[in-house]
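Asks: What follows is structure-v4.txt, made up of compact mmCIF, C-alpha atoms:
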# COMPACT_ATOMS: atom_id res chain seq x y z
CA MET P 17 208.57 142.65 124.20
CA ASN P 18 205.44 141.62 122.33
CA LYS P 19 203.86 138.21 122.59
CA SER P 20 205.29 136.76 119.36
CA SER P 21 208.87 137.70 120.13
CA ALA P 22 208.48 136.32 123.62
CA GLN P 23 207.29 133.08 122.11
CA GLY P 24 210.24 133.12 119.71
CA ALA P 25 212.65 133.46 122.60
CA GLU P 26 211.04 130.55 124.36
CA ASP P 27 210.88 128.38 121.27
CA PRO P 28 213.70 129.47 118.95
CA ILE P 29 213.80 128.43 115.31
CA LEU P 30 217.03 126.71 114.38
CA GLN P 31 218.38 126.01 110.91
CA TRP P 32 219.81 122.63 110.10
CA VAL P 33 221.78 121.45 107.10
CA THR P 34 220.55 118.00 106.18
CA PHE P 35 222.61 115.25 104.64
CA ARG P 36 222.10 111.59 103.90
CA LEU P 37 224.01 108.56 105.02
CA ASP P 38 222.85 105.04 104.31
CA ASN P 39 219.38 106.22 103.25
CA GLU P 40 218.77 108.06 106.50
CA SER P 41 218.60 111.84 106.90
CA TYR P 42 220.75 113.66 109.40
CA GLY P 43 220.85 117.31 110.40
CA ILE P 44 223.65 119.50 111.68
CA ASN P 45 223.42 123.03 113.00
CA VAL P 46 223.85 125.46 110.11
CA MET P 47 225.97 127.73 112.29
CA GLN P 48 228.65 125.09 112.37
CA VAL P 49 228.74 124.54 108.62
CA GLN P 50 231.28 126.59 106.72
CA GLU P 51 230.89 125.19 103.24
CA VAL P 52 230.02 122.10 101.25
CA LEU P 53 232.53 120.71 98.75
CA ARG P 54 232.27 118.18 95.99
CA TYR P 55 234.33 115.12 96.63
CA SER P 56 237.95 115.56 95.69
CA GLU P 57 240.87 113.28 96.34
CA ILE P 58 241.58 112.81 100.01
CA ALA P 59 245.22 112.18 100.84
CA PRO P 60 245.59 109.47 103.45
CA VAL P 61 247.71 110.26 106.48
CA PRO P 62 249.96 107.42 107.65
CA GLY P 63 249.39 106.55 111.28
CA ALA P 64 246.18 108.54 111.56
CA PRO P 65 243.31 107.13 113.61
CA SER P 66 240.84 104.87 111.79
CA TYR P 67 238.12 107.49 111.80
CA VAL P 68 240.31 109.86 109.75
CA LEU P 69 240.06 109.42 105.98
CA GLY P 70 242.88 111.84 105.30
CA ILE P 71 243.45 115.46 104.47
CA ILE P 72 242.41 117.84 101.71
CA ASN P 73 243.86 121.12 100.57
CA LEU P 74 241.23 123.79 101.02
CA ARG P 75 242.58 126.96 99.42
CA GLY P 76 245.96 126.44 100.96
CA ASN P 77 244.69 125.19 104.30
CA VAL P 78 244.97 121.58 105.36
CA VAL P 79 241.63 120.17 106.50
CA THR P 80 241.24 116.74 108.05
CA VAL P 81 238.33 114.68 106.70
CA ILE P 82 236.50 112.36 109.07
CA ASP P 83 234.99 109.06 107.98
CA THR P 84 231.43 109.78 109.06
CA ARG P 85 230.16 106.31 108.19
CA GLN P 86 232.78 104.70 110.37
CA ARG P 87 231.98 107.14 113.14
CA PHE P 88 228.28 106.32 112.95
CA GLY P 89 228.95 102.58 112.84
CA LEU P 90 227.77 102.23 109.24
CA ALA P 91 229.25 100.07 106.51
CA PRO P 92 231.55 101.77 103.98
CA ALA P 93 230.02 102.89 100.68
CA ASP P 94 231.30 103.85 97.27
CA ILE P 95 231.97 107.43 96.34
CA THR P 96 229.31 108.78 93.95
CA ASP P 97 228.57 112.04 92.14
CA ASN P 98 226.50 113.05 95.13
CA THR P 99 229.22 112.50 97.70
CA ARG P 100 230.12 115.68 99.52
CA VAL P 101 232.60 116.90 102.10
CA VAL P 102 230.90 119.21 104.57
CA ILE P 103 233.37 121.60 106.16
CA ILE P 104 232.32 122.20 109.73
CA GLU P 105 233.63 123.96 112.79
CA ALA P 106 233.39 121.91 115.94
CA ASP P 107 235.32 122.09 119.17
CA LYS P 108 237.14 125.15 117.76
CA GLN P 109 238.50 123.12 114.88
CA VAL P 110 237.70 123.09 111.20
CA VAL P 111 237.27 119.57 109.85
CA GLY P 112 235.48 117.91 106.97
CA ILE P 113 232.91 115.14 107.22
CA LEU P 114 232.25 112.85 104.29
CA VAL P 115 228.56 112.28 103.56
CA ASP P 116 226.57 110.47 100.86
CA SER P 117 224.82 113.68 99.80
CA VAL P 118 223.72 117.04 101.09
CA ALA P 119 220.02 117.82 100.80
CA GLU P 120 218.78 121.17 102.07
CA VAL P 121 218.53 123.61 104.94
CA VAL P 122 215.46 123.12 107.12
CA TYR P 123 213.95 125.30 109.81
CA LEU P 124 212.96 123.58 113.01
CA ARG P 125 211.42 124.95 116.15
CA GLN P 126 213.17 123.83 119.28
CA SER P 127 209.88 122.36 120.46
CA GLU P 128 209.73 120.13 117.38
CA VAL P 129 212.91 118.36 118.37
CA GLU P 130 212.35 115.21 120.40
CA THR P 131 214.97 113.60 122.52
CA ALA P 132 216.49 110.40 121.22
CA PRO P 133 216.30 107.22 123.29
CA ASN P 134 219.06 107.07 125.85
CA VAL P 135 219.45 103.32 126.01
CA GLY P 136 222.75 102.60 124.31
CA ASN P 137 226.16 102.12 125.82
CA ASP P 138 227.80 102.80 122.50
CA GLU P 139 229.81 106.02 122.44
CA SER P 140 228.27 106.99 119.12
CA ALA P 141 224.80 107.17 120.66
CA LYS P 142 225.89 110.23 122.61
CA PHE P 143 226.10 112.49 119.61
CA ILE P 144 222.48 112.12 118.62
CA GLN P 145 221.03 115.42 119.79
CA GLY P 146 217.46 114.50 118.97
CA VAL P 147 215.04 113.50 116.25
CA CYS P 148 212.40 115.43 114.36
CA ASN P 149 209.70 114.68 111.81
CA LYS P 150 210.22 116.83 108.72
CA ASN P 151 208.71 116.45 105.25
CA GLY P 152 207.29 113.07 106.11
CA GLU P 153 210.50 111.53 107.30
CA LEU P 154 212.52 111.37 110.43
CA LEU P 155 215.53 113.65 110.72
CA ILE P 156 218.30 112.62 113.10
CA LEU P 157 220.00 115.68 114.57
CA VAL P 158 223.69 115.30 115.25
CA GLU P 159 225.65 117.19 117.89
CA LEU P 160 228.95 117.69 116.11
CA ASP P 161 230.95 118.66 119.19
CA LYS P 162 230.25 115.25 120.68
CA MET P 163 231.27 113.34 117.58
CA MET P 164 234.70 113.04 119.13
CA THR P 165 235.96 112.79 122.65
CA GLU P 166 238.25 115.49 124.00
CA GLU P 167 241.20 113.20 123.38
CA GLU P 168 240.13 112.58 119.82
CA TRP P 169 239.68 116.28 119.10
CA SER P 170 243.19 116.85 120.47
CA GLU P 171 244.44 113.99 118.33
CA LEU P 172 242.85 115.56 115.25
CA GLU P 173 244.47 118.87 115.99
CA SER P 174 247.89 117.28 115.90
CA ILE P 175 247.44 115.63 112.50
CA MET C 18 214.23 68.11 125.88
CA SER C 19 212.22 65.90 123.50
CA ALA C 20 208.59 66.45 122.63
CA PRO C 21 205.81 64.17 121.45
CA ALA C 22 204.85 64.26 117.79
CA THR C 23 201.56 65.96 118.55
CA THR C 24 203.20 69.00 120.10
CA THR C 25 202.25 72.19 118.32
CA VAL C 26 204.69 74.89 117.27
CA PRO C 27 203.52 77.34 119.96
CA GLN C 28 203.87 74.63 122.58
CA LEU C 29 207.39 73.94 121.41
CA ALA C 30 208.17 77.64 121.46
CA LEU C 31 206.74 77.97 124.94
CA GLN C 32 208.63 74.96 126.12
CA SER C 33 211.77 76.40 124.65
CA TYR C 34 211.10 79.67 126.41
CA LEU C 35 210.50 78.02 129.74
CA ASP C 36 213.64 75.98 129.27
CA SER C 37 215.57 79.18 128.98
CA LEU C 38 213.90 80.57 132.07
CA LEU C 39 214.87 77.51 134.00
CA GLN C 40 218.32 76.97 132.62
CA ASP C 41 220.01 77.78 135.91
CA ALA C 42 217.85 75.46 137.93
CA SER C 43 219.52 72.44 139.43
CA LEU C 44 216.62 70.06 138.91
CA GLU C 45 216.18 68.68 135.39
CA LEU C 46 212.61 68.26 134.27
CA ALA C 47 211.26 65.06 132.78
CA ALA C 48 211.28 64.90 128.99
CA SER C 49 207.74 65.64 127.95
CA VAL C 50 205.57 68.54 126.94
CA SER C 51 202.52 68.49 129.15
CA LEU C 52 200.61 70.73 131.46
CA ASP C 53 202.11 68.84 134.38
CA GLU C 54 205.55 69.63 133.21
CA PHE C 55 204.60 73.19 132.51
CA GLU C 56 203.30 73.45 136.05
CA ALA C 57 206.44 71.85 137.42
CA ALA C 58 208.57 74.24 135.46
CA VAL C 59 206.64 77.18 136.81
CA ARG C 60 206.98 75.88 140.38
CA GLU C 61 210.69 75.53 139.90
CA GLU C 62 210.96 79.01 138.56
CA GLN C 63 209.09 80.28 141.60
CA ALA C 64 211.31 78.28 143.92
CA ARG C 65 214.36 79.75 142.28
CA ASP C 66 212.94 83.23 142.60
CA ALA C 67 212.21 82.67 146.27
CA SER C 68 215.70 81.40 146.97
CA THR C 69 217.38 84.39 145.37
CA ALA C 70 218.03 87.25 147.74
CA PRO C 71 216.22 90.43 146.71
CA GLN C 72 218.39 93.07 145.07
CA PRO C 73 216.88 96.38 146.10
CA LEU C 74 219.13 98.39 143.82
CA LEU C 75 217.14 97.41 140.77
CA THR C 76 213.76 96.61 142.22
CA LEU C 77 211.46 99.02 140.50
CA ALA C 78 208.50 98.87 142.84
CA PRO C 79 209.82 101.03 145.68
CA GLU C 80 210.46 103.85 143.24
CA MET C 81 206.87 103.86 142.07
CA PRO C 82 204.42 106.35 143.49
CA PRO C 83 202.47 104.70 146.30
CA GLU C 84 199.03 105.89 145.26
CA VAL C 85 197.97 104.20 142.09
CA GLU C 86 194.48 103.65 140.86
CA SER C 87 193.63 100.01 141.08
CA ALA C 88 192.72 98.04 138.00
CA ASN C 89 189.08 97.77 138.99
CA GLU C 90 188.83 101.54 138.90
CA LEU C 91 189.57 101.56 135.20
CA PRO C 92 186.43 99.99 133.76
CA GLU C 93 186.06 102.48 130.93
CA ALA C 94 189.76 102.70 130.23
CA VAL C 95 189.80 99.62 128.05
CA ALA C 96 187.28 98.17 125.67
CA PRO C 97 189.30 95.25 124.42
CA MET C 98 186.86 92.53 123.53
CA ALA C 99 184.75 94.36 121.02
CA LEU C 100 187.66 96.10 119.38
CA LEU C 101 189.87 93.07 119.10
CA GLU C 102 187.13 90.79 117.88
CA LEU C 103 186.60 92.90 114.81
CA PRO C 104 188.72 91.16 112.17
CA GLU C 105 188.94 94.22 109.94
CA ALA C 106 190.28 96.23 112.86
CA LEU C 107 193.59 94.41 112.62
CA GLU C 108 194.04 94.88 108.89
CA PRO C 109 197.15 96.98 108.20
CA ALA C 110 196.33 100.56 107.29
CA PRO C 111 197.57 101.96 103.96
CA PRO C 112 201.06 103.44 104.06
CA ALA C 113 201.25 106.98 105.36
CA PRO C 114 204.07 109.11 106.75
CA ILE C 115 202.43 109.10 110.15
CA VAL C 116 201.09 105.77 111.31
CA GLU C 117 197.62 105.83 112.75
CA PRO C 118 196.64 103.26 115.33
CA ILE C 119 194.31 100.54 114.20
CA VAL C 120 193.19 99.79 117.72
CA ASP C 121 193.24 102.08 120.73
CA LEU C 122 193.55 99.72 123.63
CA TYR C 123 193.56 102.38 126.26
CA LYS C 124 191.14 105.25 126.52
CA PRO C 125 192.30 107.55 129.29
CA SER C 126 189.72 108.83 131.71
CA SER C 127 190.13 111.89 133.86
CA ALA C 128 189.88 109.83 137.02
CA ALA C 129 192.48 107.22 136.23
CA THR C 130 196.11 107.20 135.24
CA PHE C 131 198.03 103.99 135.18
CA GLU C 132 201.44 103.68 136.74
CA PRO C 133 203.11 100.32 137.26
CA ALA C 134 203.51 99.27 140.85
CA LEU C 135 203.49 96.14 142.92
CA ALA C 136 200.95 95.80 145.69
CA GLU C 137 201.73 94.39 149.12
CA ASP C 138 201.02 90.86 147.92
CA GLY C 139 203.76 91.23 145.30
CA ARG C 140 201.36 91.31 142.41
CA PRO C 141 201.11 94.27 140.11
CA GLN C 142 198.43 96.80 140.93
CA TRP C 143 196.43 95.82 137.85
CA ALA C 144 196.24 92.21 139.03
CA GLN C 145 194.30 92.68 142.23
CA GLU C 146 191.12 91.63 140.47
CA PRO C 147 190.37 89.74 137.24
CA PHE C 148 191.81 91.65 134.31
CA GLU C 149 191.83 91.61 130.53
CA CYS C 150 194.91 90.50 128.66
CA LEU C 151 195.90 90.71 125.03
CA LEU C 152 197.52 87.63 123.56
CA PHE C 153 200.07 88.16 120.84
CA ASP C 154 202.64 86.12 119.04
CA VAL C 155 206.36 86.77 118.83
CA ALA C 156 208.45 84.30 116.86
CA GLY C 157 205.98 81.50 117.58
CA LEU C 158 205.72 82.26 121.27
CA THR C 159 202.42 83.42 122.73
CA LEU C 160 202.68 86.20 125.26
CA ALA C 161 200.01 87.85 127.37
CA VAL C 162 200.00 91.51 128.33
CA PRO C 163 197.43 93.27 130.54
CA LEU C 164 195.38 95.65 128.46
CA VAL C 165 195.64 98.44 131.01
CA CYS C 166 199.36 98.59 130.25
CA LEU C 167 198.88 98.93 126.51
CA GLY C 168 198.24 101.97 124.35
CA SER C 169 197.50 101.35 120.69
CA ILE C 170 198.27 98.85 117.96
CA TYR C 171 200.04 100.24 114.91
CA PRO C 172 200.52 98.37 111.63
CA LEU C 173 204.10 97.99 110.47
CA GLU C 174 203.35 96.99 106.90
CA GLY C 175 204.29 99.77 104.52
CA HIS C 176 206.14 101.70 107.17
CA ASP C 177 209.87 101.81 107.64
CA LEU C 178 211.41 102.04 111.05
CA THR C 179 214.17 104.62 111.22
CA PRO C 180 217.19 103.05 112.88
CA LEU C 181 219.51 105.10 115.06
CA PHE C 182 223.20 104.37 115.22
CA GLY C 183 224.85 103.44 118.49
CA GLN C 184 221.77 101.81 119.98
CA PRO C 185 221.48 98.31 121.48
CA ASP C 186 220.54 95.47 119.16
CA TRP C 187 217.07 95.24 120.72
CA PHE C 188 216.25 98.75 119.53
CA LEU C 189 214.65 98.35 116.11
CA GLY C 190 214.10 102.01 115.32
CA ILE C 191 211.63 104.85 115.47
CA LEU C 192 208.11 104.69 114.06
CA PRO C 193 206.46 108.07 113.50
CA CYS C 194 202.84 107.71 114.58
CA GLN C 195 199.91 109.81 115.66
CA ALA C 196 201.05 110.05 119.24
CA GLY C 197 204.61 111.04 118.32
CA ASN C 198 207.74 109.10 117.60
CA LEU C 199 207.38 105.60 118.96
CA LYS C 200 210.58 103.82 119.90
CA VAL C 201 210.21 100.22 118.87
CA LEU C 202 211.92 97.35 120.64
CA ASP C 203 212.58 93.87 119.38
CA THR C 204 210.38 91.85 121.75
CA ALA C 205 211.99 88.52 120.84
CA ARG C 206 215.41 89.80 121.87
CA TRP C 207 214.05 90.50 125.34
CA VAL C 208 212.01 87.39 125.96
CA MET C 209 214.27 84.80 124.37
CA PRO C 210 217.75 86.29 123.95
CA ASP C 211 219.48 82.92 123.99
CA ARG C 212 217.38 81.53 121.18
CA TYR C 213 217.20 84.65 119.11
CA ARG C 214 217.66 84.28 115.37
CA ASP C 215 218.05 87.11 112.89
CA ASP C 216 215.07 85.88 110.88
CA PHE C 217 212.82 86.75 113.84
CA ARG C 218 213.00 90.29 112.53
CA GLN C 219 211.17 89.20 109.40
CA GLY C 220 207.40 89.33 109.28
CA LEU C 221 206.89 91.69 112.19
CA GLN C 222 203.43 93.07 111.55
CA PHE C 223 202.39 95.25 114.45
CA VAL C 224 203.76 97.54 117.10
CA ILE C 225 201.91 97.63 120.40
CA SER C 226 202.62 100.79 122.35
CA VAL C 227 203.03 100.73 126.11
CA GLN C 228 200.63 103.05 127.91
CA GLY C 229 202.37 106.11 129.29
CA TYR C 230 205.69 105.45 127.56
CA GLU C 231 207.14 106.27 124.14
CA TRP C 232 207.99 102.62 123.64
CA GLY C 233 206.32 99.90 121.65
CA LEU C 234 206.72 96.15 121.21
CA ALA C 235 207.17 94.74 117.72
CA VAL C 236 205.13 91.55 117.34
CA HIS C 237 204.35 89.09 114.59
CA GLN C 238 200.66 88.57 115.25
CA VAL C 239 198.00 89.99 117.50
CA SER C 240 195.70 87.24 118.65
CA ARG C 241 192.76 87.92 120.97
CA SER C 242 191.96 89.17 124.41
CA ILE C 243 191.22 86.96 127.38
CA ARG C 244 190.05 87.61 130.91
CA LEU C 245 192.38 86.27 133.57
CA ASP C 246 191.79 85.66 137.22
CA PRO C 247 194.91 86.57 139.25
CA ASN C 248 194.70 83.15 140.90
CA GLU C 249 195.17 81.46 137.52
CA ILE C 250 198.61 82.97 137.24
CA LYS C 251 201.79 81.65 138.74
CA TRP C 252 203.27 84.92 139.91
CA ARG C 253 206.96 85.35 140.24
CA SER C 254 207.77 86.17 143.82
CA GLN C 255 210.63 88.51 143.14
CA ARG C 256 211.51 90.39 140.03
CA SER C 257 215.09 91.57 140.39
CA GLN C 258 215.93 89.44 137.37
CA ARG C 259 213.70 89.73 134.31
CA PRO C 260 211.44 92.31 136.01
CA TRP C 261 209.32 92.36 132.86
CA LEU C 262 208.23 88.73 133.42
CA ALA C 263 205.25 88.88 135.77
CA GLY C 264 204.38 85.21 135.74
CA THR C 265 203.04 82.33 133.71
CA VAL C 266 199.52 81.32 132.78
CA ILE C 267 199.32 77.55 132.74
CA GLU C 268 195.85 77.32 131.28
CA HIS C 269 196.82 79.30 128.24
CA MET C 270 200.42 78.06 128.13
CA CYS C 271 201.86 81.54 127.92
CA ALA C 272 204.03 83.97 129.80
CA LEU C 273 202.53 87.14 131.26
CA LEU C 274 204.60 90.24 130.59
CA ASP C 275 204.62 93.33 132.76
CA VAL C 276 205.33 95.71 129.91
CA SER C 277 205.19 98.77 132.13
CA ALA C 278 208.04 97.35 134.16
CA LEU C 279 209.88 96.71 130.90
CA ALA C 280 209.32 100.27 129.71
CA GLU C 281 210.35 101.59 133.11
CA LEU C 282 213.47 99.46 132.97
CA ILE C 283 214.35 100.99 129.63
CA THR C 284 213.53 104.61 130.40
CA SER C 285 215.26 104.50 133.78
CA GLY C 286 218.51 103.56 132.09
CA ALA C 287 218.73 100.24 133.93
CA ALA C 288 218.44 98.45 130.58
CA LYS C 289 221.99 99.61 129.83
CA ARG C 290 223.18 97.14 132.44
CA LEU C 291 221.35 94.24 130.88
CA VAL C 292 223.10 91.14 129.69
CA ASN C 293 220.87 88.69 127.84
CA GLY C 294 217.76 90.30 129.22
CA GLN C 295 218.86 90.11 132.83
CA VAL C 296 219.81 92.98 135.06
CA HIS C 297 223.33 92.88 136.43
Would you encode the structure as structure tokens?

Replies:
Amino acid sequence: MNKSSAQGAEDPILQWVTFRLDNESYGINVMQVQEVLRYSEIAPVPGAPSYVLGIINLRGNVVTVIDTRQRFGLAPADITDNTRVVIIEADKQVVGILVDSVAEVVYLRQSEVETAPNVGNDESAKFIQGVCNKNGELLILVELDKMMTEEEWSELESI
Amino acid sequence: MSAPATTTVPQLALQSYLDSLLQDASLELAASVSLDEFEAAVREEQARDASTAPQPLLTLAPEMPPEVESANELPEAVAPMALLELPEALEPAPPAPIVEPIVDLYKPSSAATFEPALAEDGRPQWAQEPFECLLFDVAGLTLAVPLVCLGSIYPLEGHDLTPLFGQPDWFLGILPCQAGNLKVLDTARWVMPDRYRDDFRQGLQFVISVQGYEWGLAVHQVSRSIRLDPNEIKWRSQRSQRPWLAGTVIEHMCALLDVSALAELITSGAAKRLVNGQVH
């Protein structure tokens, strides 16, 4: 193994899909993103948890769409032309997350990612994987698997 | 508590702050704003500290490494007077993605690394001999912080803090700066949680980083540096509650913050158990 590949193994480059919510940039691991859809009507599901916006029909498959703003503790916002549903795979499930817009795919070295402050009691703080400076702004990296508790993932599966 | 008409805004703020410190005390102070009362308030605070049984679970000192360079061994580490006396040094820098410090308060030397600790006499290690303090203003309240505990001063004007969801209300956000991503805390929420108003978040002009930590204090104004003799300070005898409050300086009518203890409190995770700035 030469020196550069050894360095690559020690400091892998990861790709992140970036999206915006409330004027902040967030990143999710590209390996968990299946596709990005324009906003289409989301059918509400009676009795579903508050963090579930509803379901969409994705080529014959039913996909549950999560209210990302509610999950992140942000105020609701209007749907715009830039609104997207990012189809992701997390905790062995395929779900959609509603975001204000999708920006780009960025490459980050593992060493560029800084840990986020661990000072909050709020459950939502646990799914911040880290932060990173990219293109002059701060990117907040989200750990999708932790966006829900085990119980909530199970609950989603049963919708 | 009423105040005479000649009382200045900082005095009122300080009085208000001390009132909050003493709110649990059984003895009510006389209604005036004077040095005598200030002194009495400090004495009462000390008496209350002394009467409270120590709570070793959250006392930070025993966890600190025993060998720490004393403050008098850090002569070159700080050059506060000259730097802080330059008026242009505190002018906000032009907006840039990465904030550069306008004043480096701490210049590390190979022989000295600062770590917060309390000496046998209960005073912090940096207070064994006369030491330099920076005075700054938060929501009208003047606070003093030992320079050896401080890193740099960063301007906030033209820079947006990036908030993170799910964080406590005292976490203002992240400020990208030369040294990395600085986590900025709302100083007013810590030092006067009971009297906090949302408009305190307006007009914050500087972030003062804490030496050795990725944390900084958001402040409204940076004032000047002063030299303090440890004997001028009314030290708190035990710090299980409000460990970040080292004592009070009667001559300058201000509270002395142990920001390293505050940063340690936050990074250790103990801050998660805080209610209104007090450890529970």

Asks: Do you know which residues are at most 7 Å from segment 184-198 of chain C counting all atoms listed in the file, after dropping those on the same chain fewer than 5 positions away, and could you put them as a list of chain:residue names?

Replies: P:Val135, P:Gly136, P:Asp138, P:Ala141, C:Ile115, C:Val116, C:Glu117, C:Leu178, C:Thr179, C:Asp203, C:Arg206

Asks: Can you list, as a list in words, every protein, DNA or RNA residue that comes within 7 Å of Val111 of chain P when you count all atoms listed in the file, leaving out same-chain residues fewer than 2 positions away?

Replies: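 Close residues of Val111 of chain P: Val79, Thr80, Val81, Ile103, Ile104, Glu105, Gln109 and Ile113 of chain P.
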
Asks: Taking all atoms listed in the file into account, name the residue in P:Glu57, P:Asp116, P:Glu128, P:Glu167 that is nearest to chain C.

Replies: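 Of all the options, P:Glu128 lies closest to chain C.
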
Asks: Using only C-alpha atoms, which residues of chain P come within 10 Å of chain C, and what is the closest atom pair for each, with the distance in Å to one decimal? Give it as JSON lines, sorted by chain and residue number.

Replies:
{"residue": "P:Asn39", "atom": "CA", "partner": "C:Thr179", "partner_atom": "CA", "distance": 9.7}
{"residue": "P:Glu40", "atom": "CA", "partner": "C:Thr179", "partner_atom": "CA", "distance": 7.4}
{"residue": "P:Ser41", "atom": "CA", "partner": "C:Thr179", "partner_atom": "CA", "distance": 9.5}
{"residue": "P:Arg87", "atom": "CA", "partner": "C:Phe182", "partner_atom": "CA", "distance": 9.4}
{"residue": "P:Phe88", "atom": "CA", "partner": "C:Phe182", "partner_atom": "CA", "distance": 5.9}
{"residue": "P:Gly89", "atom": "CA", "partner": "C:Phe182", "partner_atom": "CA", "distance": 6.5}
{"residue": "P:Leu90", "atom": "CA", "partner": "C:Phe182", "partner_atom": "CA", "distance": 7.8}
{"residue": "P:Glu130", "atom": "CA", "partner": "C:Asn198", "partner_atom": "CA", "distance": 8.2}
{"residue": "P:Thr131", "atom": "CA", "partner": "C:Asn198", "partner_atom": "CA", "distance": 9.8}
{"residue": "P:Ala132", "atom": "CA", "partner": "C:Leu181", "partner_atom": "CA", "distance": 8.7}
{"residue": "P:Pro133", "atom": "CA", "partner": "C:Lys200", "partner_atom": "CA", "distance": 7.5}
{"residue": "P:Asn134", "atom": "CA", "partner": "C:Gly286", "partner_atom": "CA", "distance": 7.2}
{"residue": "P:Val135", "atom": "CA", "partner": "C:Lys289", "partner_atom": "CA", "distance": 5.9}
{"residue": "P:Gly136", "atom": "CA", "partner": "C:Gln184", "partner_atom": "CA", "distance": 4.5}
{"residue": "P:Asn137", "atom": "CA", "partner": "C:Lys289", "partner_atom": "CA", "distance": 6.3}
{"residue": "P:Asp138", "atom": "CA", "partner": "C:Gly183", "partner_atom": "CA", "distance": 5.0}
{"residue": "P:Glu139", "atom": "CA", "partner": "C:Gly183", "partner_atom": "CA", "distance": 6.8}
{"residue": "P:Ser140", "atom": "CA", "partner": "C:Gly183", "partner_atom": "CA", "distance": 5.0}
{"residue": "P:Ala141", "atom": "CA", "partner": "C:Gly183", "partner_atom": "CA", "distance": 4.3}
{"residue": "P:Lys142", "atom": "CA", "partner": "C:Gly183", "partner_atom": "CA", "distance": 8.0}
{"residue": "P:Phe143", "atom": "CA", "partner": "C:Gly183", "partner_atom": "CA", "distance": 9.2}
{"residue": "P:Ile144", "atom": "CA", "partner": "C:Leu181", "partner_atom": "CA", "distance": 8.4}
{"residue": "P:Val147", "atom": "CA", "partner": "C:Asn198", "partner_atom": "CA", "distance": 8.6}
{"residue": "P:Cys148", "atom": "CA", "partner": "C:Asn198", "partner_atom": "CA", "distance": 8.5}
{"residue": "P:Asn149", "atom": "CA", "partner": "C:Pro193", "partner_atom": "CA", "distance": 7.6}
{"residue": "P:Asn151", "atom": "CA", "partner": "C:Pro114", "partner_atom": "CA", "distance": 8.8}
{"residue": "P:Gly152", "atom": "CA", "partner": "C:Pro114", "partner_atom": "CA", "distance": 5.1}
{"residue": "P:Glu153", "atom": "CA", "partner": "C:Pro114", "partner_atom": "CA", "distance": 6.9}
{"residue": "P:Leu154", "atom": "CA", "partner": "C:Thr179", "partner_atom": "CA", "distance": 7.0}
{"residue": "P:Leu155", "atom": "CA", "partner": "C:Thr179", "partner_atom": "CA", "distance": 9.1}
{"residue": "P:Ile156", "atom": "CA", "partner": "C:Leu181", "partner_atom": "CA", "distance": 7.9}

Asks: Tell me which residues come within 7 Å of (209.2, 86.2, 114.4), as a list in words, counting all atoms listed in the file in the file's coordinates.

Replies: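 Here is the list of nearby residues: Val155, Ala156, Gly157, Asp216, Phe217, Arg218, Gln219, Gly220, Leu221 and His237 of chain C.
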
Asks: Pick out the residues sitting within 8 Å of Tyr42 of chain P, and hand them over as a ChimeraX atom specification; count all atoms listed in the file, and ignore anything fewer than 6 positions along from it in its own chain.

Replies: /P:34-36,155-158

Asks: For Tyr171 of chain C, which of C:Val266, C:Cys271, C:Val239, C:Leu245 is the closest residue, counting only C-alpha atoms?

Replies: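 Distance minimum relative to Tyr171 of chain C lands on C:Val239.
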
Asks: Nearest to Ile71 of chain P among P:Val52, P:Leu114, P:Glu120, P:Ile44, with distances taken over only C-alpha atoms: which residue is it?

Replies: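 Among the listed residues, the smallest separation from Ile71 of chain P belongs to P:Leu114.
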
Asks: Rank C:His269, C:Trp207, C:His176, C:Leu262 by their smallest atom-to-atom distance to Arg244 of chain C, using only C-alpha atoms, and report the top residue only.

Replies: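 Smallest distance to Arg244 of chain C is found for C:His269.
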
Asks: Need to verify the contact set: Gln86 of chain P, 9 Å, all atoms listed in the file, exclusion of same-chain residues closer than 4 positions in sequence. Can you return it as a PyMOL selection string?

Replies: chain P and resi 66-67+82+90-92

Asks: State, in Å with one decimal place, the distance from atom CA of Thr165 of chain P to atom CA of Gly43 of chain P.

Replies: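 Separation between atom CA of Thr165 of chain P and atom CA of Gly43 of chain P: 20.0 Å.
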